[in-house]
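structure_32.pdb follows; it contains PDB, C-alpha atoms.
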```
ATOM      1  CA  MET A 803     -26.155 -92.568  64.726
ATOM      2  CA  LYS A 804     -25.939 -93.941  61.188
ATOM      3  CA  VAL A 805     -23.247 -92.339  59.037
ATOM      4  CA  TRP A 806     -22.316 -92.953  55.433
ATOM      5  CA  ARG A 807     -19.968 -91.158  53.052
ATOM      6  CA  PHE A 808     -19.458 -91.138  49.316
ATOM      7  CA  THR A 809     -17.125 -89.539  46.783
ATOM      8  CA  THR A 810     -16.907 -89.889  43.029
ATOM      9  CA  GLU A 811     -13.113 -89.950  43.407
ATOM     10  CA  SER A 812     -13.477 -93.608  44.405
ATOM     11  CA  TYR A 813     -14.682 -94.477  40.890
ATOM     12  CA  PRO A 814     -13.076 -94.347  37.450
ATOM     13  CA  PRO A 815     -14.298 -91.386  35.353
ATOM     14  CA  GLU A 816     -16.611 -93.468  33.155
ATOM     15  CA  GLN A 817     -18.507 -94.756  36.237
ATOM     16  CA  ARG A 818     -18.869 -91.497  38.151
ATOM     17  CA  HIS A 819     -22.183 -90.373  36.674
ATOM     18  CA  GLN A 820     -23.954 -93.580  37.611
ATOM     19  CA  ALA A 821     -22.247 -93.709  41.000
ATOM     20  CA  TRP A 822     -23.499 -90.180  41.709
ATOM     21  CA  ARG A 823     -27.037 -91.098  40.720
ATOM     22  CA  ASP A 824     -26.853 -94.073  43.084
ATOM     23  CA  ALA A 825     -25.631 -91.855  45.925
ATOM     24  CA  MET A 826     -28.415 -89.334  45.320
ATOM     25  CA  ASP A 827     -30.852 -92.220  45.212
ATOM     26  CA  ARG A 828     -29.867 -93.031  48.802
ATOM     27  CA  LEU A 829     -30.824 -89.446  49.702
ATOM     28  CA  CYS A 830     -34.088 -89.807  47.732
ATOM     29  CA  LEU A 831     -33.008 -86.958  45.448
ATOM     30  CA  PRO A 832     -33.840 -87.301  41.739
ATOM     31  CA  VAL A 833     -30.943 -86.163  39.549
ATOM     32  CA  GLY A 834     -31.562 -84.461  36.212
ATOM     33  CA  ASP A 835     -29.128 -84.326  33.316
ATOM     34  CA  LEU A 836     -25.486 -84.471  34.340
ATOM     35  CA  PRO A 837     -22.719 -82.647  32.432
ATOM     36  CA  GLU A 838     -20.994 -84.760  29.797
ATOM     37  CA  ASP A 839     -17.575 -83.922  31.276
ATOM     38  CA  GLN A 840     -16.120 -87.107  32.742
ATOM     39  CA  HIS A 841     -14.345 -84.998  35.359
ATOM     40  CA  PHE A 842     -17.683 -84.507  37.140
ATOM     41  CA  HIS A 843     -17.123 -84.630  40.885
ATOM     42  CA  GLY A 844     -19.335 -84.959  43.925
ATOM     43  CA  SER A 845     -19.210 -86.022  47.570
ATOM     44  CA  VAL A 846     -21.729 -86.737  50.335
ATOM     45  CA  SER A 847     -21.414 -87.041  54.092
ATOM     46  CA  CYS A 848     -24.739 -88.194  55.524
ATOM     47  CA  HIS A 849     -25.694 -88.520  59.198
ATOM     48  CA  VAL A 850     -29.021 -89.982  60.382
ATOM     49  CA  SER A 851     -30.109 -88.908  63.862
ATOM     50  CA  PRO A 852     -31.780 -91.125  66.500
ATOM     51  CA  LEU A 853     -35.200 -89.742  65.505
ATOM     52  CA  GLY A 854     -34.563 -90.449  61.833
ATOM     53  CA  MET A 855     -33.701 -86.919  60.705
ATOM     54  CA  GLU A 856     -31.193 -87.012  57.866
ATOM     55  CA  PHE A 857     -28.407 -84.410  57.601
ATOM     56  CA  ALA A 858     -26.332 -84.579  54.406
ATOM     57  CA  LEU A 859     -23.485 -82.348  53.301
ATOM     58  CA  VAL A 860     -23.427 -82.391  49.508
ATOM     59  CA  ASP A 861     -20.543 -80.951  47.422
ATOM     60  CA  ALA A 862     -20.725 -81.294  43.664
ATOM     61  CA  ALA A 863     -20.142 -79.821  40.226
ATOM     62  CA  ALA A 864     -22.913 -77.974  38.401
ATOM     63  CA  HIS A 865     -26.087 -79.985  37.687
ATOM     64  CA  GLU A 866     -29.808 -80.196  38.494
ATOM     65  CA  ILE A 867     -31.717 -82.034  41.164
ATOM     66  CA  SER A 868     -35.070 -82.329  39.480
ATOM     67  CA  GLY A 869     -38.264 -84.352  39.626
ATOM     68  CA  LYS A 870     -39.943 -86.195  42.479
ATOM     69  CA  TYR A 871     -38.983 -89.301  44.382
ATOM     70  CA  LEU A 872     -42.107 -91.205  45.387
ATOM     71  CA  ASP A 873     -40.518 -94.186  47.119
ATOM     72  CA  GLN A 874     -39.840 -92.542  50.489
ATOM     73  CA  PRO A 875     -41.685 -91.841  53.759
ATOM     74  CA  ASN A 876     -43.727 -88.681  54.239
ATOM     75  CA  ALA A 877     -41.184 -86.014  55.139
ATOM     76  CA  ILE A 878     -40.140 -82.371  54.758
ATOM     77  CA  TRP A 879     -36.878 -81.351  53.118
ATOM     78  CA  LEU A 880     -34.683 -78.313  53.742
ATOM     79  CA  VAL A 881     -31.714 -77.163  51.677
ATOM     80  CA  LEU A 882     -29.331 -74.537  53.072
ATOM     81  CA  LEU A 883     -27.085 -73.118  50.353
ATOM     82  CA  LEU A 884     -23.594 -72.969  51.862
ATOM     83  CA  GLN A 885     -21.558 -72.105  48.766
ATOM     84  CA  GLY A 886     -22.429 -71.187  45.192
ATOM     85  CA  LYS A 887     -25.770 -70.131  43.738
ATOM     86  CA  ALA A 888     -28.963 -71.946  42.866
ATOM     87  CA  GLN A 889     -32.360 -71.550  41.268
ATOM     88  CA  LEU A 890     -35.521 -73.017  42.752
ATOM     89  CA  LEU A 891     -38.064 -73.839  40.032
ATOM     90  CA  HIS A 892     -41.647 -74.733  40.873
ATOM     91  CA  ASP A 893     -45.084 -73.881  39.458
ATOM     92  CA  ASP A 894     -43.621 -71.746  36.649
ATOM     93  CA  GLN A 895     -41.609 -69.692  39.153
ATOM     94  CA  CYS A 896     -37.830 -69.320  39.118
ATOM     95  CA  ILE A 897     -36.331 -68.054  42.369
ATOM     96  CA  ASP A 898     -32.641 -67.141  42.578
ATOM     97  CA  LEU A 899     -30.994 -68.352  45.778
ATOM     98  CA  GLU A 900     -27.721 -67.198  47.294
ATOM     99  CA  SER A 901     -25.528 -68.331  50.164
ATOM    100  CA  SER A 902     -27.468 -68.823  53.448
ATOM    101  CA  ASP A 903     -30.861 -68.918  51.715
ATOM    102  CA  ILE A 904     -33.073 -71.876  52.658
ATOM    103  CA  ALA A 905     -35.351 -73.790  50.303
ATOM    104  CA  TYR A 906     -37.952 -76.184  51.680
ATOM    105  CA  GLY A 907     -40.869 -78.345  50.699
ATOM    106  CA  PRO A 908     -42.655 -81.652  51.121
ATOM    107  CA  CYS A 909     -40.970 -84.792  49.834
ATOM    108  CA  ARG A 910     -42.646 -86.655  46.969
ATOM    109  CA  THR A 911     -43.537 -83.350  45.259
ATOM    110  CA  GLU A 912     -42.227 -82.164  41.879
ATOM    111  CA  ALA A 913     -39.504 -79.513  42.166
ATOM    112  CA  THR A 914     -36.179 -78.502  40.631
ATOM    113  CA  MET A 915     -33.023 -76.987  42.101
ATOM    114  CA  ARG A 916     -30.576 -75.888  39.430
ATOM    115  CA  PHE A 917     -26.937 -75.318  40.360
ATOM    116  CA  PRO A 918     -25.099 -73.444  37.572
ATOM    117  CA  ASN A 919     -21.654 -73.823  39.182
ATOM    118  CA  ASP A 920     -19.898 -75.867  41.824
ATOM    119  CA  PHE A 921     -21.939 -75.814  45.013
ATOM    120  CA  ARG A 922     -22.150 -76.970  48.614
ATOM    121  CA  VAL A 923     -25.426 -77.491  50.484
ATOM    122  CA  LEU A 924     -26.749 -78.964  53.693
ATOM    123  CA  HIS A 925     -29.714 -81.166  52.841
ATOM    124  CA  VAL A 926     -32.007 -82.050  55.747
ATOM    125  CA  ARG A 927     -34.875 -84.520  55.580
ATOM    126  CA  ILE A 928     -37.314 -84.404  58.508
ATOM    127  CA  PRO A 929     -39.916 -87.175  58.905
ATOM    128  CA  ARG A 930     -43.371 -85.682  59.344
ATOM    129  CA  LEU A 931     -43.897 -87.996  62.312
ATOM    130  CA  THR A 932     -41.327 -85.990  64.264
ATOM    131  CA  LEU A 933     -43.380 -82.836  63.679
ATOM    132  CA  SER A 934     -46.874 -84.211  64.199
ATOM    133  CA  PRO A 935     -47.056 -83.515  67.960
ATOM    134  CA  ARG A 936     -46.693 -79.796  67.228
ATOM    135  CA  VAL A 937     -48.040 -79.390  63.681
ATOM    136  CA  ILE A 938     -51.365 -80.870  64.687
ATOM    137  CA  ALA A 939     -53.627 -78.915  62.342
ATOM    138  CA  PRO A 940     -54.221 -80.446  58.882
ATOM    139  CA  LEU A 941     -51.618 -78.312  57.138
ATOM    140  CA  SER A 942     -50.612 -78.669  53.515
ATOM    141  CA  LEU A 943     -46.986 -77.611  53.147
ATOM    142  CA  LYS A 944     -45.948 -75.883  49.928
ATOM    143  CA  ILE A 945     -42.523 -75.493  48.325
ATOM    144  CA  GLY A 946     -40.933 -72.193  49.269
ATOM    145  CA  HIS A 947     -37.820 -70.401  50.463
ATOM    146  CA  LEU A 948     -36.507 -68.229  53.291
ATOM    147  CA  ARG A 949     -34.151 -65.354  52.542
ATOM    148  CA  ALA A 950     -32.772 -65.567  56.098
ATOM    149  CA  ARG A 951     -31.455 -61.995  56.060
ATOM    150  CA  SER A 952     -32.926 -60.973  59.420
ATOM    151  CA  GLY A 953     -35.002 -62.078  62.395
ATOM    152  CA  ILE A 954     -35.673 -65.683  63.318
ATOM    153  CA  ASP A 955     -34.931 -66.926  59.777
ATOM    154  CA  HIS A 956     -31.411 -65.471  60.028
ATOM    155  CA  ILE A 957     -30.887 -67.288  63.329
ATOM    156  CA  PHE A 958     -32.286 -70.484  61.784
ATOM    157  CA  ALA A 959     -29.857 -70.295  58.858
ATOM    158  CA  GLY A 960     -26.992 -69.591  61.267
ATOM    159  CA  MET A 961     -27.823 -72.670  63.310
ATOM    160  CA  LEU A 962     -27.937 -74.849  60.179
ATOM    161  CA  ARG A 963     -24.620 -73.422  58.953
ATOM    162  CA  ALA A 964     -22.991 -74.092  62.335
ATOM    163  CA  LEU A 965     -24.368 -77.639  62.184
ATOM    164  CA  ALA A 966     -22.894 -78.112  58.708
ATOM    165  CA  GLU A 967     -19.489 -76.915  59.921
ATOM    166  CA  THR A 968     -19.407 -79.277  62.903
ATOM    167  CA  LEU A 969     -21.447 -82.239  61.655
ATOM    168  CA  GLU A 970     -18.435 -84.526  61.351
ATOM    169  CA  ASP A 971     -17.573 -84.006  65.028
ATOM    170  CA  ILE A 972     -21.046 -84.376  66.584
ATOM    171  CA  ALA A 973     -21.940 -87.531  68.507
ATOM    172  CA  SER A 974     -25.361 -89.131  68.283
ATOM    173  CA  SER A 975     -26.271 -87.988  71.810
ATOM    174  CA  GLN A 976     -25.457 -84.390  70.886
ATOM    175  CA  LEU A 977     -27.860 -84.408  67.948
ATOM    176  CA  ARG A 978     -30.922 -84.717  70.199
ATOM    177  CA  PRO A 979     -30.987 -81.027  71.210
ATOM    178  CA  VAL A 980     -30.322 -80.160  67.558
ATOM    179  CA  GLU A 981     -33.425 -82.137  66.583
ATOM    180  CA  LEU A 982     -35.534 -80.269  69.136
ATOM    181  CA  ALA A 983     -34.152 -76.865  68.117
ATOM    182  CA  LEU A 984     -34.592 -77.583  64.414
ATOM    183  CA  THR A 985     -38.227 -78.546  64.976
ATOM    184  CA  GLU A 986     -38.880 -75.333  66.897
ATOM    185  CA  PHE A 987     -37.194 -73.180  64.243
ATOM    186  CA  LEU A 988     -39.034 -74.921  61.424
ATOM    187  CA  ILE A 989     -42.455 -74.483  62.983
ATOM    188  CA  THR A 990     -41.757 -70.859  63.917
ATOM    189  CA  SER A 991     -40.229 -69.836  60.581
ATOM    190  CA  LEU A 992     -42.843 -71.564  58.439
ATOM    191  CA  GLY A 993     -45.801 -71.192  60.780
ATOM    192  CA  GLY A 994     -45.810 -67.417  60.409
ATOM    193  CA  GLU A 995     -46.552 -67.732  56.692
ATOM    194  CA  LYS A 996     -50.142 -68.881  56.277
ATOM    195  CA  THR A 997     -49.689 -69.282  52.537
ATOM    196  CA  VAL A 998     -46.938 -71.822  53.207
ATOM    197  CA  PHE A 999     -49.516 -74.120  54.767
ATOM    198  CA  GLY A1000     -52.287 -73.264  52.360
ATOM    199  CA  LEU A1001     -54.231 -71.435  55.082
ATOM    200  CA  GLY A1002     -56.172 -68.231  54.990
ATOM    201  CA  GLY A1003     -59.200 -66.486  56.441
ATOM    202  CA  ALA A1004     -60.744 -67.827  59.644
ATOM    203  CA  ALA A1005     -58.979 -71.207  59.342
ATOM    204  CA  GLY A1006     -55.626 -69.466  59.070
ATOM    205  CA  ALA A1007     -56.364 -67.290  62.095
ATOM    206  CA  ARG A1008     -57.325 -70.326  64.197
ATOM    207  CA  ALA A1009     -54.248 -72.287  63.102
ATOM    208  CA  SER A1010     -52.012 -69.313  63.878
ATOM    209  CA  HIS A1011     -53.607 -68.888  67.307
ATOM    210  CA  LEU A1012     -53.268 -72.601  68.053
ATOM    211  CA  HIS A1013     -49.614 -72.454  67.012
ATOM    212  CA  ARG A1014     -48.928 -69.608  69.475
ATOM    213  CA  ILE A1015     -50.686 -71.495  72.263
ATOM    214  CA  CYS A1016     -48.663 -74.637  71.541
ATOM    215  CA  GLN A1017     -45.465 -72.589  71.709
ATOM    216  CA  SER A1018     -46.541 -71.254  75.097
ATOM    217  CA  ILE A1019     -47.356 -74.744  76.356
ATOM    218  CA  GLU A1020     -43.806 -75.864  75.537
ATOM    219  CA  THR A1021     -42.467 -73.402  78.119
ATOM    220  CA  MET A1022     -44.895 -74.664  80.799
ATOM    221  CA  LEU A1023     -44.681 -78.446  80.412
ATOM    222  CA  GLY A1024     -42.671 -78.808  83.610
ATOM    223  CA  ASP A1025     -45.348 -77.085  85.691
ATOM    224  CA  PRO A1026     -47.690 -79.710  87.228
ATOM    225  CA  ALA A1027     -50.317 -76.973  87.677
ATOM    226  CA  LEU A1028     -50.657 -76.512  83.908
ATOM    227  CA  ASN A1029     -54.293 -77.063  82.919
ATOM    228  CA  VAL A1030     -56.796 -75.749  80.410
ATOM    229  CA  ASN A1031     -58.067 -73.017  82.745
ATOM    230  CA  TYR A1032     -54.577 -71.671  83.363
ATOM    231  CA  ALA A1033     -53.641 -71.779  79.664
ATOM    232  CA  ALA A1034     -56.884 -70.002  78.717
ATOM    233  CA  GLN A1035     -56.181 -67.296  81.300
ATOM    234  CA  VAL A1036     -52.636 -66.784  80.021
ATOM    235  CA  HIS A1037     -53.905 -66.276  76.459
ATOM    236  CA  GLY A1038     -56.975 -64.248  77.376
ATOM    237  CA  VAL A1039     -59.503 -66.655  75.876
ATOM    238  CA  SER A1040     -62.287 -68.784  77.281
ATOM    239  CA  THR A1041     -61.674 -72.418  78.160
ATOM    240  CA  ARG A1042     -64.432 -73.354  75.720
ATOM    241  CA  TYR A1043     -62.675 -71.565  72.837
ATOM    242  CA  LEU A1044     -59.345 -73.137  73.774
ATOM    243  CA  GLN A1045     -60.847 -76.605  73.831
ATOM    244  CA  LYS A1046     -62.484 -75.985  70.436
ATOM    245  CA  LEU A1047     -59.093 -75.120  68.931
ATOM    246  CA  PHE A1048     -57.677 -78.466  69.989
ATOM    247  CA  THR A1049     -60.841 -80.374  69.089
ATOM    248  CA  GLY A1050     -60.665 -78.891  65.602
ATOM    249  CA  ALA A1051     -57.139 -80.295  65.328
ATOM    250  CA  GLY A1052     -58.311 -83.776  66.277
ATOM    251  CA  THR A1053     -57.181 -83.873  69.890
ATOM    252  CA  SER A1054     -57.871 -82.257  73.259
ATOM    253  CA  PHE A1055     -55.865 -79.930  75.480
ATOM    254  CA  SER A1056     -55.122 -82.627  78.048
ATOM    255  CA  GLN A1057     -54.197 -85.220  75.406
ATOM    256  CA  TYR A1058     -51.856 -82.763  73.715
ATOM    257  CA  VAL A1059     -50.107 -81.784  76.963
ATOM    258  CA  ARG A1060     -49.729 -85.424  78.022
ATOM    259  CA  SER A1061     -48.299 -86.349  74.614
ATOM    260  CA  ARG A1062     -45.758 -83.532  74.722
ATOM    261  CA  ARG A1063     -44.728 -84.422  78.275
ATOM    262  CA  LEU A1064     -44.274 -88.050  77.264
ATOM    263  CA  ASP A1065     -42.156 -86.987  74.287
ATOM    264  CA  ARG A1066     -39.923 -84.948  76.585
ATOM    265  CA  CYS A1067     -39.626 -87.783  79.101
ATOM    266  CA  ARG A1068     -38.820 -90.276  76.365
ATOM    267  CA  ALA A1069     -36.019 -88.020  75.086
ATOM    268  CA  ASP A1070     -34.540 -87.668  78.594
ATOM    269  CA  LEU A1071     -34.692 -91.420  79.222
ATOM    270  CA  ILE A1072     -32.284 -92.124  76.353
ATOM    271  CA  SER A1073     -30.144 -88.998  76.675
ATOM    272  CA  PRO A1074     -26.655 -89.524  78.153
ATOM    273  CA  LEU A1075     -26.977 -86.003  79.566
ATOM    274  CA  HIS A1076     -29.723 -87.258  81.904
ATOM    275  CA  SER A1077     -28.471 -90.798  82.523
ATOM    276  CA  GLN A1078     -27.977 -90.088  86.245
ATOM    277  CA  LEU A1079     -31.584 -89.002  86.743
ATOM    278  CA  SER A1080     -33.988 -91.629  88.028
ATOM    279  CA  ILE A1081     -37.193 -92.316  86.156
ATOM    280  CA  SER A1082     -39.126 -90.631  88.961
ATOM    281  CA  GLU A1083     -36.973 -87.503  88.668
ATOM    282  CA  ILE A1084     -37.565 -87.390  84.919
ATOM    283  CA  CYS A1085     -41.338 -87.740  85.210
ATOM    284  CA  PHE A1086     -41.546 -84.996  87.867
ATOM    285  CA  ARG A1087     -39.214 -82.835  85.781
ATOM    286  CA  TRP A1088     -41.864 -82.752  83.040
ATOM    287  CA  GLY A1089     -44.949 -82.139  85.149
ATOM    288  CA  PHE A1090     -46.251 -85.620  85.971
ATOM    289  CA  ASN A1091     -47.606 -85.887  89.502
ATOM    290  CA  GLY A1092     -46.639 -89.504  90.190
ATOM    291  CA  SER A1093     -44.361 -92.200  88.852
ATOM    292  CA  ALA A1094     -47.090 -94.866  88.821
ATOM    293  CA  HIS A1095     -49.379 -92.742  86.628
ATOM    294  CA  PHE A1096     -46.420 -91.810  84.422
ATOM    295  CA  SER A1097     -45.429 -95.469  83.933
ATOM    296  CA  ARG A1098     -49.003 -96.378  83.018
ATOM    297  CA  VAL A1099     -49.479 -93.665  80.370
ATOM    298  CA  PHE A1100     -45.947 -94.260  79.026
ATOM    299  CA  ARG A1101     -46.716 -97.949  78.515
ATOM    300  CA  ASN A1102     -50.046 -97.098  76.865
ATOM    301  CA  LYS A1103     -48.272 -94.927  74.291
ATOM    302  CA  TYR A1104     -45.027 -96.835  73.680
ATOM    303  CA  ASP A1105     -46.009-100.446  74.556
ATOM    304  CA  MET A1106     -43.252-100.740  77.150
ATOM    305  CA  SER A1107     -42.422 -99.368  80.575
ATOM    306  CA  PRO A1108     -40.034 -96.404  81.022
ATOM    307  CA  ARG A1109     -37.505 -98.797  82.564
ATOM    308  CA  GLU A1110     -37.711-101.154  79.572
ATOM    309  CA  TYR A1111     -37.403 -98.238  77.157
ATOM    310  CA  ARG A1112     -34.328 -96.874  78.930
ATOM    311  CA  ARG A1113     -32.693-100.305  79.154
ATOM    312  CA  GLY A1114     -33.452-101.043  75.499
ATOM    313  CA  ASN A1115     -31.669 -97.844  74.456
ATOM    314  CA  GLY A1116     -28.571 -98.534  76.530
ATOM    315  CA  GLN A1117     -29.139 -95.883  79.179
ATOM    316  CA  GLU A1118     -29.774 -98.048  82.259
ATOM    317  CA  THR A1119     -27.933 -96.552  85.232
ATOM    318  CA  GLN A1120     -27.051 -97.499  88.749
ATOM    319  CA  THR A1121     -29.378 -94.845  90.182
ATOM    320  CA  SER A1122     -32.726 -95.661  91.727
ATOM    321  CA  GLN A1123     -35.160 -96.019  88.848
ATOM    322  CA  GLY A1124     -38.203 -94.884  90.836
TER
END
```

For the structure just supplied, provide its representation as structure tokens.
Amino acid sequence: MKVWRFTTESYPPEQRHQAWRDAMDRLCLPVGDLPEDQHFHGSVSCHVSPLGMEFALVDAAAHEISGKYLDQPNAIWLVLLLQGKAQLLHDDQCIDLESSDIAYGPCRTEATMRFPNDFRVLHVRIPRLTLSPRVIAPLSLKIGHLRARSGIDHIFAGMLRALAETLEDIASSQLRPVELALTEFLITSLGGEKTVFGLGGAAGARASHLHRICQSIETMLGDPALNVNYAAQVHGVSTRYLQKLFTGAGTSFSQYVRSRRLDRCRADLISPLHSQLSISEICFRWGFNGSAHFSRVFRNKYDMSPREYRRGNGQETQTSQG
């Protein structure tokens, strides 16, 4: 896991403004006007996960993060307000945010977060590539916020706050389940709001239905009997309708299930928690019927065998590799 830290206290007062702008530049956050006071202070502790998710604790004096930063990969940002207050400004709207509220949006889009006093936030940047296996419909994410006062949003905010409190003590291997959980929370919390994704009418209904089916599939990936007929029966729809949902999203049921199983296997292959499992045990664990077929489809997707992938990520074990 890549980790970097920054504090303005390492610089003389006359250099702190520029040093802060440089630090925010590393986070791809455009900084607006900074207060003239040379006692301006700020600190960052940034951790980049194995999948490329970026978790940054940011403490600073009052100022604005405003504008858009174009020179960065396609990603989604989240900001959990840990201390202080903030205002989210976008499209002539001004939304007051308080502790535990979550703001979100696509990177490379104009937005402003104004902090009138000292503040502390957890800033998370999630590459869209890590979401694409689940967010498979052509969705257009908008800037928005979650009040996180109840329900799944409250649990989501609680998980992010717990992460912020323990981030300094988490090892790279322990961030993998956090990545998976964060993805699930994000899709669930935002997927229920059609306006968030610019969906409505029949298209919104289909996307919502597809989202629920994909959630159900996640719980059945380990079952080798999972097929389109069984999934259609579980959801009370015809196999033809189910296939049309996936075709409309640019894939097929079988391709989607295979991709998700491969993603799960790939995660287990490099996880220290599963280092004692053989490759055969991992492939059967996620619903593949044979190790030879699994090795072939794994190589087709990742351009290397499961054994090569595991060895290349430092998780080769003394167990039989199947």

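Closest approach to Ala973 of chain A among A:Leu831, A:Val805, A:Ile904, A:Leu1012 is made by A:Val805 (distances from all atoms listed in the file).
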
Quiz item: Smallest atom-to-atom distance to Asp827 of chain A: which of A:Ser812, A:Thr1049, A:Ser1056, A:Gln874, using only C-alpha atoms?
Solution: A:Gln874

Given the file shown, determine the residues that the PyMOL selection byres ((chain A and resi 1035-1039) around 12) selects; report them as a short mmCIF file (atom, residue, chain, number, x, y, z; two decimals) with C-alpha atoms, in the coordinates of the input.
```cif
data_model
loop_
_atom_site.label_atom_id
_atom_site.label_comp_id
_atom_site.auth_asym_id
_atom_site.auth_seq_id
_atom_site.Cartn_x
_atom_site.Cartn_y
_atom_site.Cartn_z
CA HIS A 1011 -53.61 -68.89 67.31
CA LEU A 1012 -53.27 -72.60 68.05
CA ARG A 1014 -48.93 -69.61 69.47
CA ILE A 1015 -50.69 -71.50 72.26
CA CYS A 1016 -48.66 -74.64 71.54
CA GLN A 1017 -45.46 -72.59 71.71
CA SER A 1018 -46.54 -71.25 75.10
CA ILE A 1019 -47.36 -74.74 76.36
CA MET A 1022 -44.90 -74.66 80.80
CA LEU A 1028 -50.66 -76.51 83.91
CA ASN A 1029 -54.29 -77.06 82.92
CA VAL A 1030 -56.80 -75.75 80.41
CA ASN A 1031 -58.07 -73.02 82.74
CA TYR A 1032 -54.58 -71.67 83.36
CA ALA A 1033 -53.64 -71.78 79.66
CA ALA A 1034 -56.88 -70.00 78.72
CA SER A 1040 -62.29 -68.78 77.28
CA THR A 1041 -61.67 -72.42 78.16
CA ARG A 1042 -64.43 -73.35 75.72
CA TYR A 1043 -62.68 -71.56 72.84
CA LEU A 1044 -59.34 -73.14 73.77
CA GLN A 1045 -60.85 -76.60 73.83
CA LYS A 1046 -62.48 -75.98 70.44
CA LEU A 1047 -59.09 -75.12 68.93
#
```

Hey, what comes out of the PyMOL selection byres ((chain A and resi 928) around 6) on this file? Could you write it as a short mmCIF file (atom, residue, chain, number, x, y, z; two decimals) with C-alpha atoms, keeping the file's coordinate frame?
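Written output follows (out32.cif):
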```
data_model
loop_
_atom_site.label_atom_id
_atom_site.label_comp_id
_atom_site.auth_asym_id
_atom_site.auth_seq_id
_atom_site.Cartn_x
_atom_site.Cartn_y
_atom_site.Cartn_z
CA MET A 855 -33.70 -86.92 60.70
CA ALA A 877 -41.18 -86.01 55.14
CA ILE A 878 -40.14 -82.37 54.76
CA ARG A 927 -34.88 -84.52 55.58
CA PRO A 929 -39.92 -87.18 58.90
#
```

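Counting all atoms listed in the file, the residue from A:Val923, A:Ala913, A:Ala825, A:Ile1081 that sits nearest to Tyr1111 of chain A is A:Ile1081.
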
Quiz item: Just so the selection is clear, what residues does the PyMOL selection byres ((chain A and resi 896) around 12) cover here, as a PyMOL selection string?
Solution: chain A and resi 888-895+897-899+913-916+946-947

Written selection (C-alpha atoms) as an mmCIF file, in the coordinates of the input:
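Contents of the output file result-v8.cif:
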```cif
data_model
loop_
_atom_site.group_PDB
_atom_site.id
_atom_site.type_symbol
_atom_site.label_atom_id
_atom_site.label_comp_id
_atom_site.auth_asym_id
_atom_site.auth_seq_id
_atom_site.Cartn_x
_atom_site.Cartn_y
_atom_site.Cartn_z
ATOM 1 C CA ALA A 888 -28.963 -71.946 42.866
ATOM 2 C CA GLN A 889 -32.360 -71.550 41.268
ATOM 3 C CA LEU A 890 -35.521 -73.017 42.752
ATOM 4 C CA LEU A 891 -38.064 -73.839 40.032
ATOM 5 C CA HIS A 892 -41.647 -74.733 40.873
ATOM 6 C CA ASP A 893 -45.084 -73.881 39.458
ATOM 7 C CA ASP A 894 -43.621 -71.746 36.649
ATOM 8 C CA GLN A 895 -41.609 -69.692 39.153
ATOM 9 C CA ILE A 897 -36.331 -68.054 42.369
ATOM 10 C CA ASP A 898 -32.641 -67.141 42.578
ATOM 11 C CA LEU A 899 -30.994 -68.352 45.778
ATOM 12 C CA ALA A 913 -39.504 -79.513 42.166
ATOM 13 C CA THR A 914 -36.179 -78.502 40.631
ATOM 14 C CA MET A 915 -33.023 -76.987 42.101
ATOM 15 C CA ARG A 916 -30.576 -75.888 39.430
ATOM 16 C CA GLY A 946 -40.933 -72.193 49.269
ATOM 17 C CA HIS A 947 -37.820 -70.401 50.463
#
```

Practice problem: Could you check which of A:Leu969, A:Ala864, A:Ile954, A:Met1106 is closest to Phe842 of chain A, using only C-alpha atoms? | Solution: A:Ala864

Self-check item: Proximity to Pro908 of chain A - best of A:Ser1077, A:Gly834, A:Leu884, A:Leu872, only C-alpha atoms
Solution: A:Leu872

Self-check item: Contact residues around Glu981 of chain A with all atoms listed in the file at 12 Å, ignoring same-chain residues under 2 positions, as an NGL selection string
Solution: :A and (850-857 or 926-929 or 932-933 or 961-962 or 965 or 974-979 or 983-988 or 1069)

Exercise. May I ask which of the residues A:Lys944, A:Trp1088, A:Leu992, A:Ser1073 is the closest one to Thr1021 of chain A, counting all atoms listed in the file?
Key: A:Trp1088

Quiz item: If you measure from atom CA of Val860 of chain A to atom CA of Arg930 of chain A, what distance in Å do you get, rounded to one decimal?
Solution: 22.5 Å

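Reported to one decimal place, the separation of atom CA of Arg828 of chain A from atom CA of Tyr871 of chain A is 10.8 Å.
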
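Between atom CA of Leu943 of chain A and atom CA of Arg910 of chain A the interatomic distance comes to 11.8 Å.
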
Exercise. Extract, using all atoms listed in the file, all DNA, RNA and protein residues at most 9 Å from Ala950 of chain A, discarding same-chain residues fewer than 4 positions from it, and format them as a list in words.
Key: Ser902, Asp903, Ile904, Ile954, Asp955, His956, Ile957, Phe958, Ala959 and Gly960 of chain A

Please return segment 833-837 of chain A, rebuilt to N, CA and C atoms, as a compact mmCIF listing (two decimals), keeping the file's coordinate frame.
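The resulting selection-v2.txt:
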```txt
# COMPACT_ATOMS: atom_id res chain seq x y z
N VAL A 833 -31.95 -86.94 40.26
CA VAL A 833 -30.94 -86.16 39.55
C VAL A 833 -31.37 -85.99 38.10
N GLY A 834 -31.27 -84.74 37.61
CA GLY A 834 -31.56 -84.46 36.21
C GLY A 834 -30.36 -84.79 35.34
N ASP A 835 -30.25 -84.09 34.22
CA ASP A 835 -29.13 -84.33 33.32
C ASP A 835 -27.81 -83.93 33.98
N LEU A 836 -26.81 -84.77 33.82
CA LEU A 836 -25.49 -84.47 34.34
C LEU A 836 -24.59 -84.00 33.20
N PRO A 837 -23.61 -83.12 33.49
CA PRO A 837 -22.72 -82.65 32.43
C PRO A 837 -21.94 -83.80 31.81
```
